[in-house]
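Trainee: Got upload26.pdb for you, PDB, C-alpha atoms and all ligand atoms:
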```
ATOM      1  CA  MET A 540     112.914  26.075 116.018  1.00  0.00           C
ATOM      2  CA  TYR A 541     115.055  26.780 112.968  1.00  0.00           C
ATOM      3  CA  ASP A 542     117.285  24.215 111.352  1.00  0.00           C
ATOM      4  CA  ASN A 543     119.844  26.776 110.193  1.00  0.00           C
ATOM      5  CA  TRP A 544     121.734  29.749 111.603  1.00  0.00           C
ATOM      6  CA  GLU A 545     120.609  32.219 108.977  1.00  0.00           C
ATOM      7  CA  ASP A 546     116.924  31.872 109.823  1.00  0.00           C
ATOM      8  CA  LEU A 547     117.601  31.838 113.556  1.00  0.00           C
ATOM      9  CA  GLU A 548     119.730  34.980 113.380  1.00  0.00           C
ATOM     10  CA  LYS A 549     117.118  36.668 111.236  1.00  0.00           C
ATOM     11  CA  SER A 550     114.373  35.755 113.707  1.00  0.00           C
ATOM     12  CA  ILE A 551     115.985  37.657 116.595  1.00  0.00           C
ATOM     13  CA  ILE A 552     116.457  40.965 114.762  1.00  0.00           C
ATOM     14  CA  GLY A 553     114.374  43.655 116.482  1.00  0.00           C
ATOM     15  CA  CYS A 554     113.147  41.181 119.119  1.00  0.00           C
ATOM     16  CA  LYS A 555     110.678  42.666 121.605  1.00  0.00           C
ATOM     17  CA  LYS A 556     109.627  39.466 123.326  1.00  0.00           C
ATOM     18  CA  CYS A 557     110.570  40.857 126.735  1.00  0.00           C
ATOM     19  CA  LYS A 558     111.014  44.263 128.343  1.00  0.00           C
ATOM     20  CA  LEU A 559     114.818  44.156 128.058  1.00  0.00           C
ATOM     21  CA  PHE A 560     114.544  45.403 124.472  1.00  0.00           C
ATOM     22  CA  THR A 561     113.817  48.924 125.726  1.00  0.00           C
ATOM     23  CA  ASN A 562     117.307  49.729 127.008  1.00  0.00           C
ATOM     24  CA  ARG A 563     119.550  47.764 124.714  1.00  0.00           C
ATOM     25  CA  ASN A 564     122.006  49.121 122.189  1.00  0.00           C
ATOM     26  CA  ASN A 565     122.624  45.727 120.646  1.00  0.00           C
ATOM     27  CA  ILE A 566     121.353  42.178 120.829  1.00  0.00           C
ATOM     28  CA  VAL A 567     124.265  39.999 121.953  1.00  0.00           C
ATOM     29  CA  PHE A 568     123.551  36.758 120.159  1.00  0.00           C
ATOM     30  CA  GLY A 569     126.631  34.598 120.600  1.00  0.00           C
ATOM     31  CA  THR A 570     130.181  34.130 119.391  1.00  0.00           C
ATOM     32  CA  GLY A 571     132.711  31.471 118.481  1.00  0.00           C
ATOM     33  CA  ASP A 572     132.711  28.179 116.661  1.00  0.00           C
ATOM     34  CA  LYS A 573     129.172  27.210 115.701  1.00  0.00           C
ATOM     35  CA  GLN A 574     130.252  23.595 115.369  1.00  0.00           C
ATOM     36  CA  SER A 575     132.170  23.367 118.609  1.00  0.00           C
ATOM     37  CA  ASP A 576     131.793  20.415 120.950  1.00  0.00           C
ATOM     38  CA  ILE A 577     132.042  22.833 123.853  1.00  0.00           C
ATOM     39  CA  MET A 578     129.604  25.618 124.648  1.00  0.00           C
ATOM     40  CA  LEU A 579     129.675  28.145 127.503  1.00  0.00           C
ATOM     41  CA  ILE A 580     126.532  29.844 128.742  1.00  0.00           C
ATOM     42  CA  GLY A 581     126.568  33.063 130.767  1.00  0.00           C
ATOM     43  CA  GLU A 582     123.848  35.221 132.193  1.00  0.00           C
ATOM     44  CA  GLY A 583     123.365  38.272 130.038  1.00  0.00           C
ATOM     45  CA  PRO A 584     125.293  41.116 128.434  1.00  0.00           C
ATOM     46  CA  GLY A 585     126.884  43.857 130.529  1.00  0.00           C
ATOM     47  CA  ALA A 586     127.669  47.387 129.385  1.00  0.00           C
ATOM     48  CA  ASP A 587     130.664  46.463 127.212  1.00  0.00           C
ATOM     49  CA  GLU A 588     128.881  43.542 125.614  1.00  0.00           C
ATOM     50  CA  ASP A 589     125.830  45.697 124.911  1.00  0.00           C
ATOM     51  CA  LEU A 590     128.031  48.218 123.086  1.00  0.00           C
ATOM     52  CA  GLN A 591     130.107  45.694 121.145  1.00  0.00           C
ATOM     53  CA  ALA A 592     127.415  43.042 120.545  1.00  0.00           C
ATOM     54  CA  ILE A 593     129.859  40.310 121.645  1.00  0.00           C
ATOM     55  CA  PRO A 594     129.554  38.200 124.827  1.00  0.00           C
ATOM     56  CA  PHE A 595     132.184  38.400 127.558  1.00  0.00           C
ATOM     57  CA  VAL A 596     134.314  41.274 126.307  1.00  0.00           C
ATOM     58  CA  GLY A 597     134.260  43.306 129.548  1.00  0.00           C
ATOM     59  CA  LYS A 598     136.175  42.792 132.804  1.00  0.00           C
ATOM     60  CA  ALA A 599     134.672  39.372 133.546  1.00  0.00           C
ATOM     61  CA  GLY A 600     135.288  38.275 129.982  1.00  0.00           C
ATOM     62  CA  LYS A 601     138.923  39.311 130.152  1.00  0.00           C
ATOM     63  CA  LEU A 602     139.371  37.240 133.269  1.00  0.00           C
ATOM     64  CA  MET A 603     137.740  34.290 131.546  1.00  0.00           C
ATOM     65  CA  ASN A 604     140.083  34.786 128.595  1.00  0.00           C
ATOM     66  CA  MET A 605     143.056  34.605 130.966  1.00  0.00           C
ATOM     67  CA  ALA A 606     141.832  31.262 132.271  1.00  0.00           C
ATOM     68  CA  PHE A 607     141.344  30.096 128.683  1.00  0.00           C
ATOM     69  CA  ASP A 608     144.903  31.160 127.825  1.00  0.00           C
ATOM     70  CA  ALA A 609     146.358  29.399 130.855  1.00  0.00           C
ATOM     71  CA  LEU A 610     144.555  26.186 129.915  1.00  0.00           C
ATOM     72  CA  ASN A 611     145.140  26.545 126.194  1.00  0.00           C
ATOM     73  CA  ILE A 612     141.451  26.802 125.387  1.00  0.00           C
ATOM     74  CA  LYS A 613     140.976  28.891 122.254  1.00  0.00           C
ATOM     75  CA  ARG A 614     138.087  31.314 122.574  1.00  0.00           C
ATOM     76  CA  ASP A 615     137.264  31.006 118.889  1.00  0.00           C
ATOM     77  CA  LYS A 616     137.109  27.210 119.135  1.00  0.00           C
ATOM     78  CA  VAL A 617     134.245  27.195 121.659  1.00  0.00           C
ATOM     79  CA  TYR A 618     130.780  28.716 121.367  1.00  0.00           C
ATOM     80  CA  ILE A 619     129.731  31.349 123.914  1.00  0.00           C
ATOM     81  CA  ALA A 620     126.201  32.652 124.510  1.00  0.00           C
ATOM     82  CA  ASN A 621     123.992  33.981 127.292  1.00  0.00           C
ATOM     83  CA  ILE A 622     120.610  33.232 128.848  1.00  0.00           C
ATOM     84  CA  VAL A 623     119.296  36.665 127.832  1.00  0.00           C
ATOM     85  CA  LYS A 624     120.566  38.466 124.756  1.00  0.00           C
ATOM     86  CA  CYS A 625     119.816  42.033 125.882  1.00  0.00           C
ATOM     87  CA  ARG A 626     121.445  43.834 128.795  1.00  0.00           C
ATOM     88  CA  PRO A 627     119.460  43.955 132.021  1.00  0.00           C
ATOM     89  CA  PRO A 628     119.469  47.512 133.447  1.00  0.00           C
ATOM     90  CA  ALA A 629     122.320  48.176 135.904  1.00  0.00           C
ATOM     91  CA  ASN A 630     123.484  44.578 135.397  1.00  0.00           C
ATOM     92  CA  ARG A 631     120.732  43.155 137.567  1.00  0.00           C
ATOM     93  CA  ASN A 632     119.945  39.461 137.158  1.00  0.00           C
ATOM     94  CA  PRO A 633     117.526  38.666 134.362  1.00  0.00           C
ATOM     95  CA  GLU A 634     114.014  38.211 135.726  1.00  0.00           C
ATOM     96  CA  ASN A 635     112.183  34.957 135.208  1.00  0.00           C
ATOM     97  CA  ASP A 636     109.846  36.248 132.509  1.00  0.00           C
ATOM     98  CA  GLU A 637     112.818  37.687 130.598  1.00  0.00           C
ATOM     99  CA  ALA A 638     114.794  34.459 130.760  1.00  0.00           C
ATOM    100  CA  GLN A 639     111.734  32.447 129.737  1.00  0.00           C
ATOM    101  CA  ALA A 640     111.058  34.761 126.805  1.00  0.00           C
ATOM    102  CA  CYS A 641     114.640  34.532 125.580  1.00  0.00           C
ATOM    103  CA  LEU A 642     115.415  30.862 126.228  1.00  0.00           C
ATOM    104  CA  ASP A 643     114.029  29.617 122.916  1.00  0.00           C
ATOM    105  CA  TYR A 644     116.883  31.356 121.101  1.00  0.00           C
ATOM    106  CA  LEU A 645     119.426  29.644 123.319  1.00  0.00           C
ATOM    107  CA  ARG A 646     117.719  26.266 122.943  1.00  0.00           C
ATOM    108  CA  ASN A 647     117.870  26.709 119.199  1.00  0.00           C
ATOM    109  CA  GLN A 648     121.553  27.646 119.446  1.00  0.00           C
ATOM    110  CA  VAL A 649     122.244  24.466 121.421  1.00  0.00           C
ATOM    111  CA  LEU A 650     120.300  22.445 118.852  1.00  0.00           C
ATOM    112  CA  LEU A 651     122.435  23.841 116.036  1.00  0.00           C
ATOM    113  CA  VAL A 652     125.823  23.745 117.780  1.00  0.00           C
ATOM    114  CA  LYS A 653     125.178  20.232 119.129  1.00  0.00           C
ATOM    115  CA  PRO A 654     127.758  20.574 121.918  1.00  0.00           C
ATOM    116  CA  LYS A 655     128.854  17.545 123.907  1.00  0.00           C
ATOM    117  CA  ILE A 656     129.880  19.683 126.880  1.00  0.00           C
ATOM    118  CA  ILE A 657     128.146  22.802 128.226  1.00  0.00           C
ATOM    119  CA  VAL A 658     129.789  24.985 130.851  1.00  0.00           C
ATOM    120  CA  LEU A 659     127.195  26.827 132.930  1.00  0.00           C
ATOM    121  CA  LEU A 660     128.650  30.125 134.120  1.00  0.00           C
ATOM    122  CA  GLY A 661     126.937  31.005 137.389  1.00  0.00           C
ATOM    123  CA  ASN A 662     123.626  30.475 139.118  1.00  0.00           C
ATOM    124  CA  VAL A 663     121.373  32.098 136.514  1.00  0.00           C
ATOM    125  CA  ALA A 664     122.667  29.836 133.741  1.00  0.00           C
ATOM    126  CA  LEU A 665     122.529  26.808 136.033  1.00  0.00           C
ATOM    127  CA  LYS A 666     118.953  27.322 137.186  1.00  0.00           C
ATOM    128  CA  ASN A 667     117.581  28.170 133.781  1.00  0.00           C
ATOM    129  CA  ILE A 668     119.242  25.232 132.055  1.00  0.00           C
ATOM    130  CA  LEU A 669     119.254  22.423 134.620  1.00  0.00           C
ATOM    131  CA  GLY A 670     116.406  23.518 136.879  1.00  0.00           C
ATOM    132  CA  LYS A 671     115.475  25.676 139.843  1.00  0.00           C
ATOM    133  CA  GLU A 672     116.357  22.884 142.254  1.00  0.00           C
ATOM    134  CA  TYR A 673     120.044  23.450 141.546  1.00  0.00           C
ATOM    135  CA  GLY A 674     122.231  26.004 143.317  1.00  0.00           C
ATOM    136  CA  ILE A 675     125.697  27.000 142.171  1.00  0.00           C
ATOM    137  CA  THR A 676     127.470  26.606 145.525  1.00  0.00           C
ATOM    138  CA  ALA A 677     126.528  22.932 145.777  1.00  0.00           C
ATOM    139  CA  ALA A 678     126.576  22.148 142.070  1.00  0.00           C
ATOM    140  CA  ARG A 679     129.811  23.720 140.906  1.00  0.00           C
ATOM    141  CA  GLY A 680     132.596  21.443 139.810  1.00  0.00           C
ATOM    142  CA  LYS A 681     130.327  18.413 139.477  1.00  0.00           C
ATOM    143  CA  TRP A 682     129.347  16.923 136.151  1.00  0.00           C
ATOM    144  CA  VAL A 683     125.674  16.501 135.329  1.00  0.00           C
ATOM    145  CA  GLU A 684     124.726  14.390 132.325  1.00  0.00           C
ATOM    146  CA  LYS A 685     121.394  15.009 130.643  1.00  0.00           C
ATOM    147  CA  LYS A 686     120.254  13.681 127.275  1.00  0.00           C
ATOM    148  CA  GLY A 687     123.787  12.976 126.159  1.00  0.00           C
ATOM    149  CA  ILE A 688     125.169  16.408 127.066  1.00  0.00           C
ATOM    150  CA  TRP A 689     127.669  16.821 129.898  1.00  0.00           C
ATOM    151  CA  TYR A 690     127.133  19.955 131.965  1.00  0.00           C
ATOM    152  CA  MET A 691     129.793  21.545 134.162  1.00  0.00           C
ATOM    153  CA  PRO A 692     128.410  24.251 136.457  1.00  0.00           C
ATOM    154  CA  THR A 693     130.980  26.765 137.667  1.00  0.00           C
ATOM    155  CA  TRP A 694     131.204  30.283 139.102  1.00  0.00           C
ATOM    156  CA  HIS A 695     130.273  33.205 136.949  1.00  0.00           C
ATOM    157  CA  PRO A 696     133.522  34.979 135.920  1.00  0.00           C
ATOM    158  CA  ALA A 697     132.273  38.207 137.528  1.00  0.00           C
ATOM    159  CA  ALA A 698     132.234  36.405 140.887  1.00  0.00           C
ATOM    160  CA  LEU A 699     135.975  35.783 140.514  1.00  0.00           C
ATOM    161  CA  LEU A 700     136.578  39.504 140.474  1.00  0.00           C
ATOM    162  CA  ARG A 701     135.173  39.709 143.994  1.00  0.00           C
ATOM    163  CA  ASP A 702     136.671  36.540 145.490  1.00  0.00           C
ATOM    164  CA  ASP A 703     140.130  35.146 144.736  1.00  0.00           C
ATOM    165  CA  ASN A 704     139.287  31.698 146.097  1.00  0.00           C
ATOM    166  CA  LYS A 705     136.723  31.304 143.363  1.00  0.00           C
ATOM    167  CA  LYS A 706     139.448  31.777 140.774  1.00  0.00           C
ATOM    168  CA  ILE A 707     141.046  28.524 141.883  1.00  0.00           C
ATOM    169  CA  ASP A 708     137.707  26.695 141.604  1.00  0.00           C
ATOM    170  CA  PHE A 709     137.087  28.209 138.193  1.00  0.00           C
ATOM    171  CA  TRP A 710     140.496  27.115 136.882  1.00  0.00           C
ATOM    172  CA  LYS A 711     139.891  23.652 138.311  1.00  0.00           C
ATOM    173  CA  ASP A 712     136.469  23.368 136.698  1.00  0.00           C
ATOM    174  CA  LEU A 713     137.746  24.465 133.294  1.00  0.00           C
ATOM    175  CA  LYS A 714     140.605  22.000 133.667  1.00  0.00           C
ATOM    176  CA  GLU A 715     137.984  19.295 134.254  1.00  0.00           C
ATOM    177  CA  VAL A 716     136.330  20.368 131.025  1.00  0.00           C
ATOM    178  CA  LYS A 717     139.660  20.139 129.199  1.00  0.00           C
ATOM    179  CA  ASN A 718     140.271  16.678 130.589  1.00  0.00           C
ATOM    180  CA  LYS A 719     136.810  15.446 129.736  1.00  0.00           C
ATOM    181  CA  ALA A 720     137.107  16.834 126.216  1.00  0.00           C
ATOM    182  CA  LYS A 721     140.371  14.944 125.898  1.00  0.00           C
ATOM    183  CA  ASP A 722     138.788  11.733 127.218  1.00  0.00           C
ATOM    184  CA  MET A 723     135.930  12.141 124.776  1.00  0.00           C
ATOM    185  CA  ASN A 724     138.375  12.863 121.994  1.00  0.00           C
ATOM    186  CA  ILE A 725     136.785  16.224 121.211  1.00  0.00           C
ATOM    187  CA  GLY A 726     138.073  19.737 120.606  1.00  0.00           C
ATOM    188  CA  GLY A 727     138.463  22.914 122.607  1.00  0.00           C
ATOM    189  CA  ASP A 728     141.982  23.784 121.558  1.00  0.00           C
TER     190      ASP A 728
HETATM  191  N1  LIG B   1     128.380  38.404 131.940  1.00  0.00           N
HETATM  192  C1  LIG B   1     127.624  37.498 131.300  1.00  0.00           C
HETATM  193  O1  LIG B   1     126.940  36.696 131.903  1.00  0.00           O
HETATM  194  N2  LIG B   1     127.651  37.498 129.980  1.00  0.00           N
HETATM  195  C2  LIG B   1     128.384  38.327 129.254  1.00  0.00           C
HETATM  196  O2  LIG B   1     128.354  38.235 128.026  1.00  0.00           O
HETATM  197  C3  LIG B   1     129.184  39.261 129.938  1.00  0.00           C
HETATM  198  C4  LIG B   1     129.157  39.291 131.278  1.00  0.00           C
HETATM  199 FE1  LIG B   2     114.169  39.398 122.871  1.00  0.00          FE
HETATM  200 FE2  LIG B   2     115.843  38.075 124.457  1.00  0.00          FE
HETATM  201 FE3  LIG B   2     116.202  40.649 124.047  1.00  0.00          FE
HETATM  202 FE4  LIG B   2     114.162  39.843 125.514  1.00  0.00          FE
HETATM  203  S1  LIG B   2     116.348  39.599 126.010  1.00  0.00           S
HETATM  204  S2  LIG B   2     114.085  41.383 123.907  1.00  0.00           S
HETATM  205  S3  LIG B   2     113.591  37.940 124.486  1.00  0.00           S
HETATM  206  S4  LIG B   2     116.361  39.038 122.507  1.00  0.00           S
END
```
Please go through the file and, once you have read it, give me the structure as structure tokens.
Ligand code: URA
Ligand code: SF4
Mentor:
Amino acid sequence: MYDNWEDLEKSIIGCKKCKLFTNRNNIVFGTGDKQSDIMLIGEGPGADEDLQAIPFVGKAGKLMNMAFDALNIKRDKVYIANIVKCRPPANRNPENDEAQACLDYLRNQVLLVKPKIIVLLGNVALKNILGKEYGITAARGKWVEKKGIWYMPTWHPAALLRDDNKKIDFWKDLKEVKNKAKDMNIGGD
């Protein structure tokens, strides 16, 4: 683990720790406020993210931005990262060995950001962070506290594109995050 961003960012350059390196254009490390109290964790880059090297800039990201706007959450005031930093082919889910290989980077990011709230975007983020015993359908919208960090599991933004009902849940869950941040007297706007 590195105690500073410079060394951590340097350590990932050219990473070949898993097979996802073969098809990537860019490593998508993370974006936003590195000192934010709120962090969001997705699954892995899609095509747009792979080209731009920024998380959540494609269709799903735009939808997430709309929810942020509606709730007055500023994208540059939170920190956003993914379980895997390289795009899985054809947007398949990251495989277990890939997630395991990449998770140290994310753990180090969490260590440096020191968030008080982490939003888990979808099942892949949920299972890799909180454990395989969790499932998104049962877990979403319910706070889990672990080692002083409050976790809010919610739908992956891409799932909202396929199911309008999930949009309402997603809005509700982010609103919960807003409220909790307010209760805890921490940022996000
Ligand atoms: N989906 C994700 O999980 N992460 C991104 O960065 C983009 C889409
Ligand atoms: Fe390295 Fe992560 Fe990319 Fe795999 S996904 S090559 S572990 S940066």
Trainee: Kindly compile the residues surrounding ligand LIG 1 (chain B) within 10 Å, counting all atoms listed in the file, and format them as a ChimeraX atom specification.
Mentor: /A:567-570,579-589,592-601,603,619-626,630,632-633,659-661,663-664,695-698
Trainee: So that I have them on file, write out the residues from the current selection with C-alpha atoms, as a CSV table (one decimal), in the coordinates of the input.
Mentor:
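And here's part33.csv as it stands now:
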```
chain,number,residue,atom,x,y,z
A,567,VAL,CA,124.3,40.0,122.0
A,568,PHE,CA,123.6,36.8,120.2
A,569,GLY,CA,126.6,34.6,120.6
A,570,THR,CA,130.2,34.1,119.4
A,579,LEU,CA,129.7,28.1,127.5
A,580,ILE,CA,126.5,29.8,128.7
A,581,GLY,CA,126.6,33.1,130.8
A,582,GLU,CA,123.8,35.2,132.2
A,583,GLY,CA,123.4,38.3,130.0
A,584,PRO,CA,125.3,41.1,128.4
A,585,GLY,CA,126.9,43.9,130.5
A,586,ALA,CA,127.7,47.4,129.4
A,587,ASP,CA,130.7,46.5,127.2
A,588,GLU,CA,128.9,43.5,125.6
A,589,ASP,CA,125.8,45.7,124.9
A,592,ALA,CA,127.4,43.0,120.5
A,593,ILE,CA,129.9,40.3,121.6
A,594,PRO,CA,129.6,38.2,124.8
A,595,PHE,CA,132.2,38.4,127.6
A,596,VAL,CA,134.3,41.3,126.3
A,597,GLY,CA,134.3,43.3,129.5
A,598,LYS,CA,136.2,42.8,132.8
A,599,ALA,CA,134.7,39.4,133.5
A,600,GLY,CA,135.3,38.3,130.0
A,601,LYS,CA,138.9,39.3,130.2
A,603,MET,CA,137.7,34.3,131.5
A,619,ILE,CA,129.7,31.3,123.9
A,620,ALA,CA,126.2,32.7,124.5
A,621,ASN,CA,124.0,34.0,127.3
A,622,ILE,CA,120.6,33.2,128.8
A,623,VAL,CA,119.3,36.7,127.8
A,624,LYS,CA,120.6,38.5,124.8
A,625,CYS,CA,119.8,42.0,125.9
A,626,ARG,CA,121.4,43.8,128.8
A,630,ASN,CA,123.5,44.6,135.4
A,632,ASN,CA,119.9,39.5,137.2
A,633,PRO,CA,117.5,38.7,134.4
A,659,LEU,CA,127.2,26.8,132.9
A,660,LEU,CA,128.6,30.1,134.1
A,661,GLY,CA,126.9,31.0,137.4
A,663,VAL,CA,121.4,32.1,136.5
A,664,ALA,CA,122.7,29.8,133.7
A,695,HIS,CA,130.3,33.2,136.9
A,696,PRO,CA,133.5,35.0,135.9
A,697,ALA,CA,132.3,38.2,137.5
A,698,ALA,CA,132.2,36.4,140.9
```
Trainee: Put the listed atoms of segment 579-595 of chain A in a box along x, y and z with 8 Å added on every side and give me the centre and edge lengths in Å to one decimal, as JSON.
Mentor:
```
{"center_x": 127.8, "center_y": 38.2, "center_z": 126.4, "size_x": 24.8, "size_y": 36.1, "size_z": 27.6}
```
Trainee: Running the PyMOL selection byres (((chain A and resi 715) around 12) and not hetatm) on this model by hand, what would come out? Give it as a count of residues only.
Mentor: 26
Trainee: Using 10 Å as the limit and counting only C-alpha atoms and all ligand atoms, can you tabulate each residue of chain A that touches ligand LIG 2 (chain B), with its shortest atom-to-atom distance in Å and the two atoms involved, as JSON lines?
Mentor:
```
{"residue": "A:Ser550", "atom": "CA", "partner": "B:LIG2", "partner_atom": "S4", "distance": 9.6}
{"residue": "A:Ile551", "atom": "CA", "partner": "B:LIG2", "partner_atom": "S4", "distance": 6.1}
{"residue": "A:Ile552", "atom": "CA", "partner": "B:LIG2", "partner_atom": "S4", "distance": 8.0}
{"residue": "A:Gly553", "atom": "CA", "partner": "B:LIG2", "partner_atom": "FE1", "distance": 7.7}
{"residue": "A:Cys554", "atom": "CA", "partner": "B:LIG2", "partner_atom": "FE1", "distance": 4.3}
{"residue": "A:Lys555", "atom": "CA", "partner": "B:LIG2", "partner_atom": "S2", "distance": 4.3}
{"residue": "A:Lys556", "atom": "CA", "partner": "B:LIG2", "partner_atom": "S3", "distance": 4.4}
{"residue": "A:Cys557", "atom": "CA", "partner": "B:LIG2", "partner_atom": "FE4", "distance": 3.9}
{"residue": "A:Lys558", "atom": "CA", "partner": "B:LIG2", "partner_atom": "S2", "distance": 6.1}
{"residue": "A:Leu559", "atom": "CA", "partner": "B:LIG2", "partner_atom": "S2", "distance": 5.0}
{"residue": "A:Phe560", "atom": "CA", "partner": "B:LIG2", "partner_atom": "S2", "distance": 4.1}
{"residue": "A:Thr561", "atom": "CA", "partner": "B:LIG2", "partner_atom": "S2", "distance": 7.8}
{"residue": "A:Asn562", "atom": "CA", "partner": "B:LIG2", "partner_atom": "S2", "distance": 9.5}
{"residue": "A:Arg563", "atom": "CA", "partner": "B:LIG2", "partner_atom": "FE3", "distance": 7.9}
{"residue": "A:Asn565", "atom": "CA", "partner": "B:LIG2", "partner_atom": "FE3", "distance": 8.9}
{"residue": "A:Ile566", "atom": "CA", "partner": "B:LIG2", "partner_atom": "S4", "distance": 6.1}
{"residue": "A:Val567", "atom": "CA", "partner": "B:LIG2", "partner_atom": "S4", "distance": 8.0}
{"residue": "A:Phe568", "atom": "CA", "partner": "B:LIG2", "partner_atom": "S4", "distance": 7.9}
{"residue": "A:Gly583", "atom": "CA", "partner": "B:LIG2", "partner_atom": "S1", "distance": 8.2}
{"residue": "A:Pro584", "atom": "CA", "partner": "B:LIG2", "partner_atom": "S1", "distance": 9.4}
{"residue": "A:Asn621", "atom": "CA", "partner": "B:LIG2", "partner_atom": "FE2", "distance": 9.6}
{"residue": "A:Ile622", "atom": "CA", "partner": "B:LIG2", "partner_atom": "FE2", "distance": 8.1}
{"residue": "A:Val623", "atom": "CA", "partner": "B:LIG2", "partner_atom": "S1", "distance": 4.5}
{"residue": "A:Lys624", "atom": "CA", "partner": "B:LIG2", "partner_atom": "S1", "distance": 4.5}
{"residue": "A:Cys625", "atom": "CA", "partner": "B:LIG2", "partner_atom": "S1", "distance": 4.2}
{"residue": "A:Arg626", "atom": "CA", "partner": "B:LIG2", "partner_atom": "S1", "distance": 7.2}
{"residue": "A:Pro627", "atom": "CA", "partner": "B:LIG2", "partner_atom": "S1", "distance": 8.0}
{"residue": "A:Pro633", "atom": "CA", "partner": "B:LIG2", "partner_atom": "S1", "distance": 8.5}
{"residue": "A:Asp636", "atom": "CA", "partner": "B:LIG2", "partner_atom": "FE4", "distance": 9.0}
{"residue": "A:Glu637", "atom": "CA", "partner": "B:LIG2", "partner_atom": "FE4", "distance": 5.7}
{"residue": "A:Ala638", "atom": "CA", "partner": "B:LIG2", "partner_atom": "S1", "distance": 7.2}
{"residue": "A:Gln639", "atom": "CA", "partner": "B:LIG2", "partner_atom": "S3", "distance": 7.8}
{"residue": "A:Ala640", "atom": "CA", "partner": "B:LIG2", "partner_atom": "S3", "distance": 4.7}
{"residue": "A:Cys641", "atom": "CA", "partner": "B:LIG2", "partner_atom": "S3", "distance": 3.7}
{"residue": "A:Leu642", "atom": "CA", "partner": "B:LIG2", "partner_atom": "FE2", "distance": 7.4}
{"residue": "A:Asp643", "atom": "CA", "partner": "B:LIG2", "partner_atom": "S3", "distance": 8.5}
{"residue": "A:Tyr644", "atom": "CA", "partner": "B:LIG2", "partner_atom": "FE2", "distance": 7.6}
{"residue": "A:Leu645", "atom": "CA", "partner": "B:LIG2", "partner_atom": "FE2", "distance": 9.2}
```
Trainee: Have a look at atom CA of Asp703 of chain A and atom CA of Asp608 of chain A and let me know their distance in Å, one decimal.
Mentor: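 Separation of atom CA of Asp703 of chain A and atom CA of Asp608 of chain A: 18.0 Å.
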Trainee: Could you please determine the separation between atom CA of Lys655 of chain A and atom CA of Lys573 of chain A in Å, to one decimal place?
Mentor: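 Spanning atom CA of Lys655 of chain A to atom CA of Lys573 of chain A is a straight-line distance of 12.7 Å.
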Trainee: Let me make sure I understand: among A:Ala677, A:Asn704, A:Asn604, A:Asn647, which one has the smallest atom-to-atom distance to Glu545 of chain A if we use all atoms listed in the file?
Mentor: A:Asn647
Trainee: In Å to one decimal, how far is atom CA of Tyr618 of chain A from atom CA of Asn564 of chain A?
Mentor: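 Going from atom CA of Asn564 of chain A over to atom CA of Tyr618 of chain A covers 22.2 Å.
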